[in-house]
$ cat work_7.txt   # compact mmCIF, C-alpha atoms
# COMPACT_ATOMS: atom_id res chain seq x y z
CA MET A 1 -53.94 -58.28 9.49
CA LYS A 2 -52.17 -60.74 7.22
CA TYR A 3 -48.95 -62.51 8.19
CA SER A 4 -46.00 -64.00 6.34
CA PRO A 5 -43.07 -66.24 7.26
CA LEU A 6 -39.93 -64.29 8.11
CA GLY A 7 -37.64 -66.16 5.77
CA ASN A 8 -36.29 -69.37 7.29
CA SER A 9 -36.70 -68.16 10.89
CA GLY A 10 -39.91 -70.01 11.71
CA LEU A 11 -41.40 -66.70 12.81
CA SER A 12 -44.65 -65.34 11.43
CA VAL A 13 -44.70 -61.55 11.08
CA SER A 14 -47.40 -59.07 10.18
CA ARG A 15 -47.35 -57.71 6.63
CA VAL A 16 -46.92 -54.33 8.34
CA CYS A 17 -43.67 -53.71 10.20
CA LEU A 18 -43.82 -50.66 12.47
CA GLY A 19 -40.82 -48.44 11.81
CA SER A 20 -39.55 -46.26 14.62
CA MET A 21 -36.90 -43.87 13.33
CA THR A 22 -38.91 -40.72 14.17
CA TRP A 23 -39.25 -41.65 17.83
CA GLY A 24 -36.98 -39.35 19.80
CA VAL A 25 -36.88 -36.39 17.39
CA GLN A 26 -40.19 -35.89 15.61
CA ASN A 27 -42.11 -38.05 18.09
CA THR A 28 -42.11 -38.12 21.88
CA GLN A 29 -42.32 -41.12 24.19
CA ALA A 30 -46.06 -40.52 24.51
CA ASP A 31 -46.42 -40.45 20.70
CA ALA A 32 -44.50 -43.72 20.38
CA ASP A 33 -46.57 -45.36 23.12
CA GLN A 34 -49.74 -44.42 21.27
CA GLN A 35 -48.40 -45.67 17.94
CA ILE A 36 -47.30 -49.00 19.40
CA GLY A 37 -50.62 -49.49 21.14
CA TYR A 38 -52.61 -48.77 17.99
CA ALA A 39 -50.40 -50.97 15.81
CA LEU A 40 -50.70 -53.91 18.22
CA ASP A 41 -54.47 -53.49 18.31
CA LYS A 42 -54.44 -53.78 14.51
CA GLY A 43 -52.46 -57.03 14.65
CA VAL A 44 -48.95 -55.69 14.02
CA ASN A 45 -46.36 -57.86 15.79
CA PHE A 46 -43.18 -56.60 14.11
CA ILE A 47 -41.19 -53.50 15.17
CA ASP A 48 -37.99 -52.31 13.51
CA THR A 49 -35.39 -50.02 15.04
CA ALA A 50 -31.63 -49.35 15.01
CA GLU A 51 -28.90 -48.14 17.30
CA MET A 52 -28.34 -45.01 15.14
CA TYR A 53 -31.99 -43.88 15.38
CA PRO A 54 -33.67 -41.43 15.55
CA VAL A 55 -33.17 -39.85 12.14
CA PRO A 56 -31.62 -37.47 11.32
CA PRO A 57 -28.82 -39.14 13.29
CA SER A 58 -26.77 -37.14 15.75
CA GLU A 59 -24.44 -37.75 18.65
CA ALA A 60 -26.93 -36.16 21.04
CA THR A 61 -29.79 -38.50 20.11
CA HIS A 62 -27.86 -41.69 19.25
CA GLY A 63 -29.73 -44.69 20.69
CA ASP A 64 -32.77 -42.73 21.83
CA THR A 65 -35.25 -44.68 19.72
CA GLU A 66 -34.17 -47.95 21.32
CA ARG A 67 -34.56 -46.22 24.70
CA VAL A 68 -38.12 -45.20 23.79
CA ILE A 69 -38.97 -48.80 22.91
CA GLY A 70 -37.25 -50.04 26.07
CA ASN A 71 -39.34 -47.67 28.18
CA TRP A 72 -42.49 -49.08 26.59
CA LEU A 73 -41.32 -52.66 27.08
CA SER A 74 -40.55 -52.02 30.76
CA ARG A 75 -44.19 -51.05 31.24
CA ASN A 76 -45.56 -53.84 29.06
CA GLU A 77 -43.42 -56.86 29.91
CA SER A 78 -46.20 -59.31 29.10
CA GLN A 79 -46.13 -58.16 25.47
CA ARG A 80 -42.45 -58.94 24.84
CA GLU A 81 -42.82 -62.55 23.74
CA LYS A 82 -45.65 -61.61 21.37
CA LEU A 83 -43.44 -59.18 19.47
CA VAL A 84 -40.72 -59.61 16.88
CA ILE A 85 -38.26 -56.78 17.52
CA ALA A 86 -35.54 -56.10 15.00
CA SER A 87 -32.61 -53.76 15.52
CA LYS A 88 -29.41 -52.95 13.65
CA ILE A 89 -25.72 -52.37 14.25
CA ALA A 90 -24.40 -49.29 12.45
CA GLY A 91 -21.59 -49.59 9.96
CA PRO A 92 -18.84 -47.02 9.44
CA GLY A 93 -19.91 -43.43 8.95
CA PHE A 94 -20.35 -41.86 12.39
CA PRO A 95 -17.34 -40.81 14.52
CA TYR A 96 -19.42 -41.01 17.70
CA VAL A 97 -20.38 -44.65 17.07
CA ARG A 98 -17.38 -46.75 18.13
CA ASP A 99 -14.96 -44.24 16.57
CA ASN A 100 -16.28 -44.79 13.04
CA SER A 101 -15.15 -48.41 13.11
CA MET A 102 -16.24 -51.11 10.70
CA ILE A 103 -18.64 -53.82 11.77
CA SER A 104 -16.65 -56.74 13.18
CA GLY A 105 -17.08 -59.74 15.40
CA ASP A 106 -15.89 -57.69 18.39
CA SER A 107 -17.99 -54.61 17.62
CA ILE A 108 -21.10 -56.78 17.35
CA GLN A 109 -20.68 -57.86 20.97
CA VAL A 110 -20.29 -54.24 22.16
CA ALA A 111 -23.13 -52.83 20.06
CA LEU A 112 -25.45 -55.70 20.93
CA ASP A 113 -24.97 -55.30 24.67
CA ASP A 114 -25.62 -51.56 24.36
CA SER A 115 -28.79 -52.14 22.34
CA LEU A 116 -30.09 -54.73 24.80
CA ALA A 117 -29.54 -52.31 27.69
CA ARG A 118 -31.42 -49.54 25.90
CA LEU A 119 -34.23 -51.90 24.86
CA GLN A 120 -34.44 -53.34 28.40
CA SER A 121 -34.66 -56.80 26.86
CA ASP A 122 -32.66 -60.00 27.23
CA TYR A 123 -32.72 -60.66 23.50
CA ILE A 124 -33.33 -59.19 20.05
CA ASP A 125 -35.39 -61.29 17.65
CA VAL A 126 -33.60 -60.17 14.47
CA TYR A 127 -30.23 -58.41 14.63
CA GLN A 128 -29.32 -56.72 11.35
CA LEU A 129 -26.19 -55.29 9.78
CA HIS A 130 -27.37 -51.77 8.93
CA TRP A 131 -25.12 -51.40 5.87
CA PRO A 132 -22.00 -53.14 4.55
CA ASN A 133 -18.48 -52.14 5.50
CA ARG A 134 -17.65 -51.81 1.82
CA THR A 135 -19.02 -48.99 -0.31
CA SER A 136 -22.18 -50.32 -1.93
CA PRO A 137 -25.09 -48.76 -3.84
CA HIS A 138 -27.21 -47.91 -0.80
CA PHE A 139 -28.56 -44.45 0.08
CA GLY A 140 -28.42 -43.23 -3.51
CA LYS A 141 -24.83 -44.25 -4.22
CA HIS A 142 -25.95 -46.07 -7.39
CA TRP A 143 -25.57 -42.74 -9.22
CA LEU A 144 -22.56 -40.65 -10.25
CA ASN A 145 -20.19 -43.62 -10.44
CA GLN A 146 -19.79 -43.61 -6.66
CA VAL A 147 -19.52 -47.40 -6.43
CA LYS A 148 -16.44 -48.81 -8.16
CA ALA A 149 -16.48 -52.56 -7.68
CA SER A 150 -13.18 -52.94 -9.52
CA THR A 151 -11.37 -51.07 -6.74
CA GLN A 152 -12.59 -53.36 -3.94
CA ASP A 153 -10.25 -55.79 -2.20
CA VAL A 154 -12.60 -58.75 -2.39
CA ALA A 155 -10.42 -61.12 -0.34
CA ALA A 156 -10.13 -58.58 2.48
CA GLU A 157 -13.88 -57.93 2.37
CA LYS A 158 -14.61 -61.65 2.62
CA ASP A 159 -12.25 -61.91 5.60
CA ARG A 160 -14.16 -59.11 7.34
CA MET A 161 -17.46 -60.81 6.52
CA ARG A 162 -16.14 -64.10 7.88
CA ASP A 163 -15.28 -62.37 11.16
CA ILE A 164 -18.78 -60.85 11.26
CA VAL A 165 -20.40 -64.25 10.78
CA LEU A 166 -18.34 -65.71 13.63
CA GLY A 167 -19.41 -62.79 15.84
CA LEU A 168 -23.03 -63.37 14.93
CA GLY A 169 -22.57 -67.05 15.72
CA LYS A 170 -21.44 -66.13 19.24
CA ALA A 171 -24.43 -63.85 19.68
CA LEU A 172 -26.77 -66.60 18.52
CA SER A 173 -25.19 -69.17 20.82
CA SER A 174 -25.49 -66.82 23.79
CA GLY A 175 -29.20 -66.32 23.16
CA LYS A 176 -28.80 -62.55 22.90
CA ILE A 177 -30.16 -62.71 19.37
CA LYS A 178 -32.57 -65.26 17.91
CA HIS A 179 -31.89 -64.57 14.22
CA TRP A 180 -29.94 -62.15 12.08
CA GLY A 181 -30.41 -60.25 8.89
CA LEU A 182 -28.95 -57.82 6.38
CA SER A 183 -29.81 -54.29 5.34
CA ASP A 184 -28.80 -52.15 2.37
CA ASP A 185 -26.86 -54.97 0.75
CA THR A 186 -26.64 -56.52 -2.71
CA PRO A 187 -27.03 -59.94 -4.35
CA TRP A 188 -23.27 -60.46 -3.97
CA GLY A 189 -23.48 -59.61 -0.28
CA ILE A 190 -26.39 -61.96 0.28
CA HIS A 191 -24.79 -64.91 -1.45
CA THR A 192 -21.37 -64.36 0.10
CA TYR A 193 -22.92 -64.40 3.56
CA LEU A 194 -24.85 -67.55 2.68
CA GLN A 195 -21.62 -69.26 1.60
CA LEU A 196 -19.77 -68.14 4.72
CA CYS A 197 -22.57 -69.30 7.02
CA ASP A 198 -22.47 -72.73 5.45
CA GLU A 199 -18.67 -72.80 5.67
CA LEU A 200 -18.64 -71.76 9.35
CA ASN A 201 -21.76 -73.66 10.43
CA VAL A 202 -23.61 -70.50 11.50
CA ALA A 203 -27.32 -69.95 10.91
CA ARG A 204 -28.08 -68.17 7.66
CA PRO A 205 -29.60 -64.66 7.54
CA VAL A 206 -33.40 -64.66 7.64
CA SER A 207 -34.08 -61.26 6.10
CA ILE A 208 -32.82 -58.20 4.28
CA GLN A 209 -34.29 -54.72 4.34
CA ASN A 210 -33.52 -52.40 1.44
CA GLU A 211 -35.05 -49.21 0.11
CA PHE A 212 -37.93 -50.14 -2.20
CA ASN A 213 -40.80 -48.06 -3.51
CA LEU A 214 -42.42 -46.81 -6.72
CA LEU A 215 -39.54 -44.35 -7.19
CA HIS A 216 -36.79 -46.81 -6.30
CA VAL A 217 -37.26 -50.29 -7.81
CA LYS A 218 -33.64 -51.31 -8.41
CA ASP A 219 -34.04 -54.54 -6.38
CA TRP A 220 -36.97 -55.74 -8.50
CA PRO A 221 -36.88 -58.44 -9.68
CA TYR A 222 -33.24 -59.51 -9.47
CA LEU A 223 -32.33 -59.15 -5.80
CA ILE A 224 -35.85 -60.10 -4.73
CA GLU A 225 -35.59 -63.29 -6.80
CA SER A 226 -32.45 -64.21 -4.82
CA CYS A 227 -34.36 -63.65 -1.59
CA VAL A 228 -37.29 -65.83 -2.65
CA PHE A 229 -35.08 -68.67 -3.85
CA GLU A 230 -32.88 -68.58 -0.73
CA ASP A 231 -35.79 -68.21 1.73
CA ILE A 232 -34.78 -64.74 2.89
CA ALA A 233 -37.54 -62.29 3.81
CA TYR A 234 -37.47 -59.09 1.77
CA LEU A 235 -38.44 -56.05 3.87
CA PRO A 236 -38.84 -52.73 2.02
CA TRP A 237 -37.90 -49.58 3.88
CA SER A 238 -39.02 -46.10 2.83
CA PRO A 239 -42.02 -47.42 0.87
CA LEU A 240 -43.21 -43.78 0.56
CA SER A 241 -39.79 -42.57 -0.59
CA GLY A 242 -39.22 -40.37 2.42
CA GLY A 243 -42.83 -39.18 2.27
CA MET A 244 -42.57 -38.01 -1.33
CA LEU A 245 -45.12 -40.55 -2.63
CA SER A 246 -47.75 -39.07 -0.31
CA GLY A 247 -47.77 -36.07 -2.63
CA LYS A 248 -47.21 -33.62 0.23
CA TYR A 249 -43.99 -32.22 -1.26
CA LEU A 250 -45.38 -31.55 -4.75
CA GLY A 251 -44.73 -28.08 -6.11
CA GLY A 252 -42.00 -27.40 -3.56
CA ALA A 253 -44.35 -27.65 -0.57
CA ARG A 254 -42.72 -28.25 2.80
CA PRO A 255 -45.42 -28.87 5.43
CA ALA A 256 -44.47 -27.72 8.91
CA GLY A 257 -42.85 -30.49 10.93
CA SER A 258 -42.31 -32.76 7.93
CA ARG A 259 -39.05 -34.62 7.41
CA TRP A 260 -37.94 -32.47 4.49
CA THR A 261 -37.96 -29.37 6.69
CA MET A 262 -35.33 -30.91 8.95
CA GLU A 263 -31.55 -30.75 8.69
CA GLN A 264 -30.14 -33.52 6.44
CA ARG A 265 -33.64 -34.44 5.27
CA GLN A 266 -34.30 -32.00 2.40
CA GLY A 267 -35.34 -34.75 0.04
CA LEU A 268 -31.77 -36.03 -0.11
CA PHE A 269 -31.27 -37.06 -3.75
CA ARG A 270 -34.99 -37.62 -4.43
CA ASN A 271 -36.16 -34.14 -5.35
CA THR A 272 -35.79 -34.23 -9.15
CA GLU A 273 -38.01 -33.03 -11.98
CA ASN A 274 -38.79 -36.59 -13.12
CA ALA A 275 -39.57 -37.72 -9.57
CA GLU A 276 -42.00 -34.82 -9.25
CA LYS A 277 -43.73 -35.83 -12.49
CA ALA A 278 -43.91 -39.47 -11.40
CA VAL A 279 -45.42 -38.58 -8.02
CA ALA A 280 -48.02 -36.33 -9.67
CA ALA A 281 -48.98 -39.20 -11.99
CA TYR A 282 -49.30 -41.66 -9.09
CA CYS A 283 -51.44 -39.14 -7.21
CA ASP A 284 -53.77 -38.99 -10.22
CA VAL A 285 -54.06 -42.80 -10.26
CA ALA A 286 -54.87 -42.85 -6.54
CA LYS A 287 -57.56 -40.22 -6.98
CA ARG A 288 -59.19 -42.16 -9.84
CA HIS A 289 -59.37 -45.27 -7.66
CA GLY A 290 -60.63 -43.55 -4.52
CA ILE A 291 -57.62 -44.07 -2.25
CA THR A 292 -54.87 -41.81 -0.96
CA PRO A 293 -51.49 -41.58 -2.72
CA SER A 294 -49.81 -43.11 0.34
CA GLN A 295 -52.20 -46.05 0.30
CA LEU A 296 -51.58 -46.59 -3.40
CA ALA A 297 -47.81 -46.75 -2.85
CA LEU A 298 -48.07 -49.04 0.19
CA ALA A 299 -50.63 -51.38 -1.34
CA TRP A 300 -48.47 -51.66 -4.47
CA CYS A 301 -45.43 -52.53 -2.37
CA ASP A 302 -47.38 -55.14 -0.43
CA GLN A 303 -48.52 -56.96 -3.57
CA VAL A 304 -45.04 -57.33 -5.10
CA ASP A 305 -44.18 -61.02 -5.19
CA GLY A 306 -41.39 -61.73 -2.72
CA VAL A 307 -42.13 -58.87 -0.32
CA SER A 308 -42.61 -60.32 3.17
CA SER A 309 -43.40 -57.27 5.31
CA THR A 310 -43.21 -53.55 4.60
CA ILE A 311 -41.65 -51.13 7.09
CA ILE A 312 -43.88 -48.11 7.56
CA GLY A 313 -43.39 -45.01 9.67
CA ALA A 314 -45.57 -42.11 10.74
CA THR A 315 -45.28 -38.94 12.73
CA THR A 316 -49.02 -38.58 13.41
CA MET A 317 -51.73 -41.02 14.36
CA ALA A 318 -53.73 -40.00 11.30
CA GLN A 319 -50.81 -41.05 9.09
CA LEU A 320 -50.41 -44.34 10.94
CA GLU A 321 -54.11 -45.16 10.62
CA GLU A 322 -54.06 -44.31 6.90
CA ASN A 323 -50.93 -46.37 6.29
CA ILE A 324 -52.03 -49.50 8.13
CA ALA A 325 -55.39 -49.38 6.35
CA ALA A 326 -53.52 -49.61 3.04
CA PHE A 327 -52.67 -53.23 3.76
CA GLU A 328 -56.33 -54.16 3.73
CA LEU A 329 -56.59 -53.03 0.09
CA GLU A 330 -56.34 -55.14 -3.02
CA LEU A 331 -55.47 -52.99 -6.01
CA PRO A 332 -57.63 -53.83 -9.05
CA GLU A 333 -55.96 -54.92 -12.27
CA GLN A 334 -56.75 -51.63 -13.98
CA CYS A 335 -55.02 -49.73 -11.18
CA LEU A 336 -51.95 -51.98 -11.41
CA HIS A 337 -51.89 -51.48 -15.18
CA GLU A 338 -51.91 -47.70 -14.74
CA ILE A 339 -49.08 -47.95 -12.20
CA ASP A 340 -47.07 -50.11 -14.61
CA GLU A 341 -47.39 -47.47 -17.33
CA ILE A 342 -45.95 -44.81 -15.02
CA LEU A 343 -43.16 -47.16 -13.93
CA ARG A 344 -42.21 -47.65 -17.59
CA ASP A 345 -42.07 -43.88 -18.12
CA TYR A 346 -40.17 -43.16 -14.88
CA PRO A 347 -38.32 -46.37 -13.88
CA ILE A 348 -35.55 -44.58 -11.97
CA PRO A 349 -36.60 -40.94 -11.59
CA PHE A 350 -33.90 -40.00 -9.05
$ encode --input "work_7.txt" --output "structure tokens"
Amino acid sequence: MKYSPLGNSGLSVSRVCLGSMTWGVQNTQADADQQIGYALDKGVNFIDTAEMYPVPPSEATHGDTERVIGNWLSRNESQREKLVIASKIAGPGFPYVRDNSMISGDSIQVALDDSLARLQSDYIDVYQLHWPNRTSPHFGKHWLNQVKASTQDVAAEKDRMRDIVLGLGKALSSGKIKHWGLSDDTPWGIHTYLQLCDELNVARPVSIQNEFNLLHVKDWPYLIESCVFEDIAYLPWSPLSGGMLSGKYLGGARPAGSRWTMEQRQGLFRNTENAEKAVAAYCDVAKRHGITPSQLALAWCDQVDGVSSTIIGATTMAQLEENIAAFELELPEQCLHEIDEILRDYPIPF
């Protein structure tokens, strides 16, 4: 396993980050225990979760993924200091999560204490803001003119962000979190938080996780350049585009138990004609080079300059083994050239 610095944190994390959002719906406690054990044996030291997991989110399952991890930690206390565990506070969007309230200095204290109780841990290594309070181009909102920057009250947004930074400062001072990070944010969000941290004498964010994969490259290279220059780790989530880049959904296929057979997970906005063509082309490249489509997509993500660690997820051990093995690959130049040609033809296929 290879390792990279986690931004300016001083931490060294595996190039593979074990995602957990299926634990509690598609995966049982026993499944999660097996996945964690295998990942640790392979050198993974980085686990990502969130208070709103598992996915698809629901009031009945809210927080269950953190509980699954907490149950494992309670039985493996000696492993805690060896791990970098990241979790996230949910932003507005769910009535059952703090009455749909925005992230604030006060809500951070409440959410953090709840997450720590579920995780059965005294601290979280990296505490992340799951998405901004403002409407931003995450989760497919970059289409259909859904994001109208001109309508935003920038001064009010900065005031809310200032309050968040102060709340994070309290959490850092208390020792309940060691570092903090962003998720689903933009270059403006990153740089505004950097300015506010310097203004308020609070530690800067160490990371950001955004959606990034062969079907969704909007952060490359502009946002990623900001991360590299500001020493912020860039952590791709959904490197297989919700499983689409594995090729298993080609031709309308819906394998039993797969994410796209579940409520709220029918491909979301991904299932377009151009995305289908792009996936088929990537599958052909993978076949020519003797690897699986999933491994092609993951190995490509890993070699992008500025990527620090890639968040993977799996519902079966076979998938997890296949995915982790991808990070041992070095794609040859010819393979990268073929991928580039497809990217030029289908730069934003959904």
$ closest_atom_pairs --input "work_7.txt" --of "region 24-59 of chain A" --to "region 326-331 of chain A" --cutoff "12 Å" --atoms "all atoms listed in the file" --output "CSV"
residue,atom,partner,partner_atom,distance
A:Lys42,CA,A:Phe327,CA,10.9
A:Gly43,CA,A:Phe327,CA,11.5
A:Val44,CA,A:Phe327,CA,11.2
$ closest_residue --input "work_7.txt" --among "A:Ser58, A:Asn271, A:Gln26, A:Ser9" --to "Arg259 (chain A)" --atoms "only C-alpha atoms"
A:Gln26
$ residues_near_point --input "work_7.txt" --point "(-27.2, -53.4, 18.7)" --cutoff "9 Å" --atoms "all atoms listed in the file" --output "list of chain:residue names"
A:Ala50, A:Glu51, A:Ser87, A:Lys88, A:Ile89, A:Ala90, A:Ile108, A:Gln109, A:Val110, A:Ala111, A:Leu112, A:Asp113, A:Asp114, A:Ser115, A:Leu116, A:Ile124, A:Tyr127, A:Gln128
$ residues_around --input "work_7.txt" --residues "Gly19 (chain A)" --least-positions-apart "6" --cutoff "9 Å" --atoms "only C-alpha atoms" --output "mmCIF file with C-alpha atoms, keeping the file's coordinate frame"
data_model
loop_
_atom_site.group_PDB
_atom_site.id
_atom_site.type_symbol
_atom_site.label_atom_id
_atom_site.label_comp_id
_atom_site.auth_asym_id
_atom_site.auth_seq_id
_atom_site.Cartn_x
_atom_site.Cartn_y
_atom_site.Cartn_z
ATOM 1 C CA PHE A 46 -43.180 -56.600 14.110
ATOM 2 C CA ILE A 47 -41.190 -53.500 15.170
ATOM 3 C CA ASP A 48 -37.990 -52.310 13.510
ATOM 4 C CA THR A 49 -35.390 -50.020 15.040
ATOM 5 C CA TRP A 237 -37.900 -49.580 3.880
ATOM 6 C CA ILE A 311 -41.650 -51.130 7.090
ATOM 7 C CA ILE A 312 -43.880 -48.110 7.560
ATOM 8 C CA GLY A 313 -43.390 -45.010 9.670
ATOM 9 C CA ALA A 314 -45.570 -42.110 10.740
#
$ atom_distance --input "work_7.txt" --atom1 "CA of Glu338 (chain A)" --atom2 "CA of Pro255 (chain A)"
28.3 Å
$ atom_distance --input "work_7.txt" --atom1 "CA of Gln152 (chain A)" --atom2 "CA of Thr192 (chain A)"
14.6 Å
$ atom_distance --input "work_7.txt" --atom1 "CA of Gln295 (chain A)" --atom2 "CA of Ala325 (chain A)"
7.6 Å
$ residues_around --input "work_7.txt" --residues "region 133-141 of chain A" --least-positions-apart "4" --cutoff "9 Å" --atoms "all atoms listed in the file" --output "VMD selection string"
chain A and resid 91 to 92 102 to 103 145 to 149 152 157 160 to 161 184 to 186 210 to 211 268 to 270 350
$ closest_residue --input "work_7.txt" --among "A:Arg204, A:Leu214, A:Leu223, A:Thr315" --to "Leu336 (chain A)" --atoms "all atoms listed in the file"
A:Leu214
$ residues_around --input "work_7.txt" --residues "Ile69 (chain A)" --least-positions-apart "5" --cutoff "10 Å" --atoms "all atoms listed in the file" --output "count of residues only"
15
$ closest_residue --input "work_7.txt" --among "A:Thr292, A:Asn45, A:Thr261, A:Thr272" --to "Val13 (chain A)" --atoms "only C-alpha atoms"
A:Asn45
$ closest_residue --input "work_7.txt" --among "A:Phe229, A:Phe94, A:Trp260, A:Trp180" --to "Gln209 (chain A)" --atoms "all atoms listed in the file"
A:Trp180
